[in-house]
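Quick notes on the structure that follows.
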Amino acid sequence: MSVIRIDTGTLRARLDAGAELALLDVREQGVHSRGHPFFAVSAPLSRLELVAPRLLPRPGLPVVLLDGGGLEGDEEDLAERAAEVLARLGYRDLAILDGGCAAWAAAGHEIFSGINVPSKAFGEFVEHHDDTPRIPPAELRAMLDAGEPVVILDSRPAEEFRRMSIPGAIDVPGAELAWRVHDLAPEPATTVVVNCAGRTRSIIGCQSLRNAGIPNRVVALKDGTMGWELAGMQCERGVLREAPAPTAAGAARARAAAQRVAERFGVAFADPATVRGWQADAERTMYLLDVRSPAEFEASHIAGSRNAPGGQLVQATDEYIAARAARVVLVDPEQVRAIMTAHWLNQMGLPDVHVLRPDGADGFAGWPLASGAATLPTVRDAAPWREIETAALAGRLSDPGVAVLDLASSLRHRERHVAGAWWAVRSRLRQAREPLAALPVLREIVLTADDPALARLAAPEAAALWPGVEVAVLAGGNPAWFEARLPVGTGLGRATCATDDVWYKPYDHASDYERHARAYLEWEVGLVGQIARDPTIRFRRY
């Protein structure tokens with residue numbers, strides 16, 4: 001199929017019109033983070049077949065692709081290659097931004113650095129306009145030392161909490177705050193402090209409880225765990241204190257508070273029959289997002305829905321919803337987490353957000369149900385390929401004619417990988433030819449990744465780049481290798497290209513954490529001024 005090219009003026013007009021549109025930046029996430037249009041969603045070419053089904057749930061959805069437009073040297077053809085991939089997957093309405101990011105910037109339009117920019121900017125907007133109260137780390141430390149009644153609620157997912165947490169904090173991710181807070185701080189005299197790693201989830205979490213009208217004093221910990229450590233205090237590591245499910249009384253108070261929030265912020269509801277009709281509508285895109293905890297979702301959920309825990313959905317909206325103006329339906333039989341999430345998405349400017357009204361005692365009557373982690377649609381391009389079992393590869397690691405090529409992220413590879421493996425990015429496989437050509441003999445390349453489908457996708461591309469060399473994929477990928485406790489390596493000593501495939505968080509820079517943490521916090525604060533210069537950004541005030 002032919003793919004049209006559009007100029008920056010046409011794209012700007014389409015963004016202003018507010019119709020359904022997905023703007024995808026197909027560069028690697030780390031490159032994306034250096035600068036992109038506000039509404040551009042990171043969808044790296046290297047993983048496009050894996051992320052497209054969840055970001056683009058309708059084949060007829062209009063999609064505009066962009067790359068650096070020459071800013072990234074030999075990656076200037078990324079948008080064309082991405083269009084070919086999406087066309088093979090069945091997407092019918094594709095366009096390429098002529099000149100990419102370089103043209104967007106040259107036209108005088110705002111360029112934003114970082115990732116999850118719409119959510120991060122929205123958090124700063126909320127603090128600025130709602131005057132969300134905050135407490136400096138030193139003041140919180142003094143309150144704790146004085147024995148004042150304080151409860152610290154960390155609004156991040158469990159895996160982030162384990163990495164580092166404020167001593168004594170309780171993990172209550174995002175939208176769970178309004179659901180569980182009434183049992184955690186039953187006395188109005190108790191000060192509730194909400195924190196995250198930096199700013200956004202602290203601000204949104206604090207303001208959520210204020211919007212819910214709890215009687216306690218609620219404050220955000222200024223700059224989260226980063227601010228705590230920058231103030232010279234130590235975080236805990238490797239611990240997890242999770243909030244229990246609410247009691248009947250706590251749940252009743254939460255439902256009442258959520259209903260008040262729904263009325264104040266115009267939260268819309270949809271009955272099951274309406275949502276089923278939307279699912280069958282080929283002319284509109286719909287995201288069916290279950291905002292409960294991962295454990296609840298895995299126990300039972302509506303088949304075809306995707307888990308998007310409420311706090312993470314608000315924190316990283318662009319990782320779940322790529323199509324502007326699409327329908328969004330939030331699932332939560334208890335309603336509280338869905339309402340709290342919806343009231344934020346409304347304020348972010350999403351025009352068509354609905355909470356699914358529960359049907360039956362368990363909320364799921366009449367729906368086809370599934371359990372476990374959601375399964376995305378089959379990746380049609382990931383054809384079967386010759387596999388090598390982990391034990392067989394382990395016996396051949398010392399063979400100089402066998403090269404293992406790891407396609408995991410640079411962060412995951414740095415942490416651990418198959419011993420002796422080289423590291424590469426799938427979209428940059430051609431850059432691996434030179435280092436592998438230096439090997440005395442090369443008879444076989446074994447591809448591996450955290451997701452085995454990624455290795456299968458890359459296998460025919462590797463075979464074309466290395467004619468005459470046998471290409472295999474590791475059965476079960478990296479998870480199978482690690483589970484078998486086979487030899488591992490660490491570091492990036494065998495990287496075949498730049499390690500800008502992902503954005504590195506401040507704590508990923510262990511040798512220079514403080515400088516990166518301060519720069520990150522300054523970047524977040526600066527977003528308020530930057531969004532004021534971009535008229536396509538329309539956050540709402542109630």
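By convention in this document, the chains of the structure tokens carry letters A, B, ... by their order, each chain's residues are numbered from 1, and ligands are numbered from 1 in the order they are shown.
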All helix (DSSP H, G or I) positions in region 247-370 of chain A, as a PyMOL selection string: chain A and resi 248-264+272-279+294-299+310-315+317-319+336-348
Spatial neighbours of His509 (chain A), 12 Å, only C-alpha atoms, chain gap at least 6 places, as a ChimeraX atom specification: /A:411,414,503,515-517,520
Quick one: write out the picked residues with C-alpha atoms as an mmCIF file, in the first residue's frame?
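For reference, again_3.cif as written:
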data_model
loop_
_atom_site.group_PDB
_atom_site.id
_atom_site.type_symbol
_atom_site.label_atom_id
_atom_site.label_comp_id
_atom_site.auth_asym_id
_atom_site.auth_seq_id
_atom_site.Cartn_x
_atom_site.Cartn_y
_atom_site.Cartn_z
ATOM 1 C CA LEU A 411 19.431 -1.790 31.093
ATOM 2 C CA ARG A 414 23.671 -4.527 31.844
ATOM 3 C CA TRP A 503 15.568 6.236 28.954
ATOM 4 C CA ARG A 515 23.463 15.106 39.398
ATOM 5 C CA HIS A 516 20.904 13.152 37.371
ATOM 6 C CA ALA A 517 18.309 13.337 40.163
ATOM 7 C CA TYR A 520 15.340 15.318 36.484
#
Please build the interface table for region 283-395 of chain A against region 101-122 of chain A with a cut-off of 10 Å, listing for each qualifying residue the nearest atom pair and the distance in Å to one decimal; count only C-alpha atoms, order rows by chain and increasing number, and write it as CSV.
residue,atom,partner,partner_atom,distance
A:Gln312,CA,A:Ser119,CA,9.8
A:Leu313,CA,A:Ser119,CA,8.9
A:Val314,CA,A:Ser119,CA,6.3
A:Gln315,CA,A:Ser119,CA,5.3
A:Ala316,CA,A:Asn116,CA,5.2
A:Thr317,CA,A:Ser119,CA,6.3
A:Asp318,CA,A:Asn116,CA,6.2
A:Glu319,CA,A:Asn116,CA,7.6
A:Trp344,CA,A:Phe122,CA,9.4
A:Leu345,CA,A:Ser119,CA,9.7
A:Gln347,CA,A:Phe122,CA,8.7
A:Met348,CA,A:Phe122,CA,6.6
A:Gly349,CA,A:Phe122,CA,9.9
CA of Val151 (chain A) to CA of Val192 (chain A), distance in Å rounded to a single decimal: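 Between CA of Val151 (chain A) and CA of Val192 (chain A) the gap works out to 5.2 Å.
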Neighbour list for region 490-502 of chain A as a list of chain:residue names, cut-off 8 Å, only C-alpha atoms, skip fewer than 5 positions in-chain: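 The contact residues come out as A:Glu28, A:Gln29, A:Gly30, A:Val31, A:Ser409, A:Ser410, A:Leu411, A:His413, A:Arg414, A:Glu415, A:Arg416, A:His417, A:Ala419, A:Ala421, A:Trp422, A:Trp423, A:Ala424, A:Val425, A:Arg428, A:Gln431, A:Ala432, A:Pro435.
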Nearest to Pro452 (chain A), chosen from A:Arg47, A:Gly468, A:Gly18, A:Leu61, with only C-alpha atoms counted in the distances: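 Of A:Arg47, A:Gly468, A:Gly18, A:Leu61, the one nearest Pro452 (chain A), counting only C-alpha atoms, is A:Arg47.
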Strand (DSSP E) per DSSP on the backbone: members of region 283-472 of chain A, as JSON, numbers by chain: {"A": [286, 287, 288, 289, 290, 301, 302, 306, 307, 323, 324, 327, 328, 329, 330, 331, 353, 354, 355, 356, 369, 370, 387, 388, 402, 403, 404, 405, 406, 417, 418, 422, 423, 444, 445, 446, 447, 448, 470, 471, 472]}
Who sits within 12 Å of Asp281 (chain A), only C-alpha atoms, same chain under 6 positions skipped, as a list in words: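 Final neighbour list, sorted by chain and number: Pro57, Arg58, Pro59, Gly60, Thr274, Val275, Ala326 and Arg327 of chain A.
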Limited to N, CA and C atoms, could you put the picked residues into a file as a short mmCIF file (atom, residue, chain, number, x, y, z; two decimals), in the first residue's frame?
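For reference, out_6.cif as written:
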data_model
loop_
_atom_site.label_atom_id
_atom_site.label_comp_id
_atom_site.auth_asym_id
_atom_site.auth_seq_id
_atom_site.Cartn_x
_atom_site.Cartn_y
_atom_site.Cartn_z
N PRO A 57 -5.48 -0.39 18.76
CA PRO A 57 -6.38 -1.54 18.76
C PRO A 57 -7.33 -1.61 17.57
N ARG A 58 -7.33 -0.61 16.69
CA ARG A 58 -8.25 -0.62 15.54
C ARG A 58 -7.46 -0.46 14.25
N PRO A 59 -7.59 -1.38 13.29
CA PRO A 59 -6.80 -1.30 12.05
C PRO A 59 -7.03 -0.03 11.25
N GLY A 60 -8.22 0.57 11.36
CA GLY A 60 -8.50 1.78 10.60
C GLY A 60 -8.10 3.07 11.27
N THR A 274 -23.97 -0.81 26.23
CA THR A 274 -23.35 0.27 25.46
C THR A 274 -21.91 -0.06 25.12
N VAL A 275 -21.16 -0.55 26.10
CA VAL A 275 -19.75 -0.87 25.87
C VAL A 275 -19.61 -1.99 24.86
N ALA A 326 -9.87 8.87 21.32
CA ALA A 326 -10.47 7.54 21.34
C ALA A 326 -11.40 7.40 22.55
N ARG A 327 -12.29 6.41 22.49
CA ARG A 327 -13.08 6.07 23.67
C ARG A 327 -12.20 5.32 24.65
#
Near-Tyr320 (chain A) list (10 Å; only C-alpha atoms; drop same-chain fewer than 6 positions) as a list in words: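 My list of contacting residues is Val41, Val51, Arg54, Leu55, Leu56, Tyr287, Leu289, Arg306, Asn307, Ala308, Gln312, Leu313 and Val314 of chain A.
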What would the file look like if the residues just selected were written as a short mmCIF file (atom, residue, chain, number, x, y, z; two decimals), in the first residue's frame with N, CA and C atoms?
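Result saved to out.cif:
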data_model
loop_
_atom_site.label_atom_id
_atom_site.label_comp_id
_atom_site.auth_asym_id
_atom_site.auth_seq_id
_atom_site.Cartn_x
_atom_site.Cartn_y
_atom_site.Cartn_z
N VAL A 41 3.89 9.48 20.86
CA VAL A 41 3.98 8.30 21.72
C VAL A 41 5.19 7.47 21.30
N VAL A 51 4.27 -3.83 20.43
CA VAL A 51 3.51 -2.78 21.10
C VAL A 51 2.30 -2.31 20.31
N ARG A 54 -1.52 -3.22 21.37
CA ARG A 54 -2.14 -2.56 22.52
C ARG A 54 -2.25 -1.05 22.33
N LEU A 55 -1.33 -0.46 21.58
CA LEU A 55 -1.41 0.99 21.36
C LEU A 55 -2.40 1.35 20.27
N LEU A 56 -2.56 0.47 19.29
CA LEU A 56 -3.39 0.74 18.11
C LEU A 56 -4.40 -0.39 17.96
N TYR A 287 -10.38 1.75 24.07
CA TYR A 287 -9.46 1.08 24.99
C TYR A 287 -10.27 0.61 26.19
N LEU A 289 -9.74 -0.71 29.70
CA LEU A 289 -8.63 -0.73 30.66
C LEU A 289 -9.13 -1.06 32.06
N ARG A 306 -7.21 -4.79 29.19
CA ARG A 306 -5.79 -4.67 29.52
C ARG A 306 -5.65 -4.09 30.91
N ASN A 307 -4.72 -4.62 31.69
CA ASN A 307 -4.49 -4.08 33.03
C ASN A 307 -3.72 -2.77 32.94
N ALA A 308 -4.29 -1.73 33.50
CA ALA A 308 -3.66 -0.41 33.55
C ALA A 308 -3.93 0.17 34.93
N GLN A 312 -0.70 4.20 37.56
CA GLN A 312 0.23 4.13 36.45
C GLN A 312 -0.39 4.67 35.17
N LEU A 313 -1.70 4.50 35.01
CA LEU A 313 -2.36 5.04 33.83
C LEU A 313 -2.28 6.55 33.79
N VAL A 314 -2.46 7.19 34.93
CA VAL A 314 -2.35 8.65 34.99
C VAL A 314 -0.89 9.08 34.87
#
Contacts of Asp271 (chain A) at 10 Å (only C-alpha atoms; same-chain gap of 3+ positions) as a PyMOL selection string: chain A and resi 274-276+354-359
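CA of Leu153 (chain A) lies 23.9 Å from CA of Glu514 (chain A).
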Selected residue, from A:Val525, A:Ala248, A:Ala342, A:Ala220, that lies nearest to Arg264 (chain A) when counting only C-alpha atoms: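 With only C-alpha atoms as the atom set, the closest residue is A:Ala342.
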Neighbour list for Ala256 (chain A) as number ranges by chain, cut-off 12 Å, only C-alpha atoms, skip fewer than 4 positions in-chain: A: 178-179, 182, 212-214, 249-252, 260-263, 334-336, 339
Take the residues from that selection and write them out as a tab-separated table (two decimals), in the first residue's frame, keeping C-alpha atoms.
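Dumped everything to result-v2.tsv:
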chain	number	residue	atom	x	y	z
A	178	ALA	CA	-8.63	6.64	47.74
A	179	TRP	CA	-9.77	3.02	48.04
A	182	HIS	CA	-9.75	5.27	55.26
A	212	ALA	CA	-11.94	12.84	47.70
A	213	GLY	CA	-12.47	15.07	50.71
A	214	ILE	CA	-10.81	13.02	53.44
A	249	ALA	CA	-16.47	0.33	56.66
A	250	GLY	CA	-13.43	1.68	54.82
A	251	ALA	CA	-14.82	0.55	51.47
A	252	ALA	CA	-18.16	2.23	52.17
A	260	ARG	CA	-18.78	12.97	45.24
A	261	VAL	CA	-15.71	13.13	42.99
A	262	ALA	CA	-17.74	11.75	40.06
A	263	GLU	CA	-20.35	14.46	40.47
A	334	GLU	CA	-15.87	-1.40	43.09
A	335	GLN	CA	-16.00	1.82	40.99
A	336	VAL	CA	-13.70	3.79	43.31
A	339	ILE	CA	-13.81	7.02	39.15
Nearest-residue call for Thr8 (chain A), choices A:Glu124, A:Asp534, A:Asp98, A:Asp131, using only C-alpha atoms: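 Among A:Glu124, A:Asp534, A:Asp98, A:Asp131, it is A:Asp98 that comes nearest to Thr8 (chain A).
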Residue with smallest distance to Gly68 (chain A) - pool A:Thr448, A:Asn216, A:Thr191, A:Ser33, counting only C-alpha atoms: A:Ser33
Given only C-alpha atoms as the counted atoms, nearest of A:Arg430, A:Arg253, A:Arg485, A:Arg292 to Thr341 (chain A): A:Arg292
Given only C-alpha atoms as the counted atoms, nearest of A:Ala79, A:Ile166, A:Ile203, A:Ala299 to Arg237 (chain A):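 Answer, going by the shortest atom-to-atom distance: A:Ile166.
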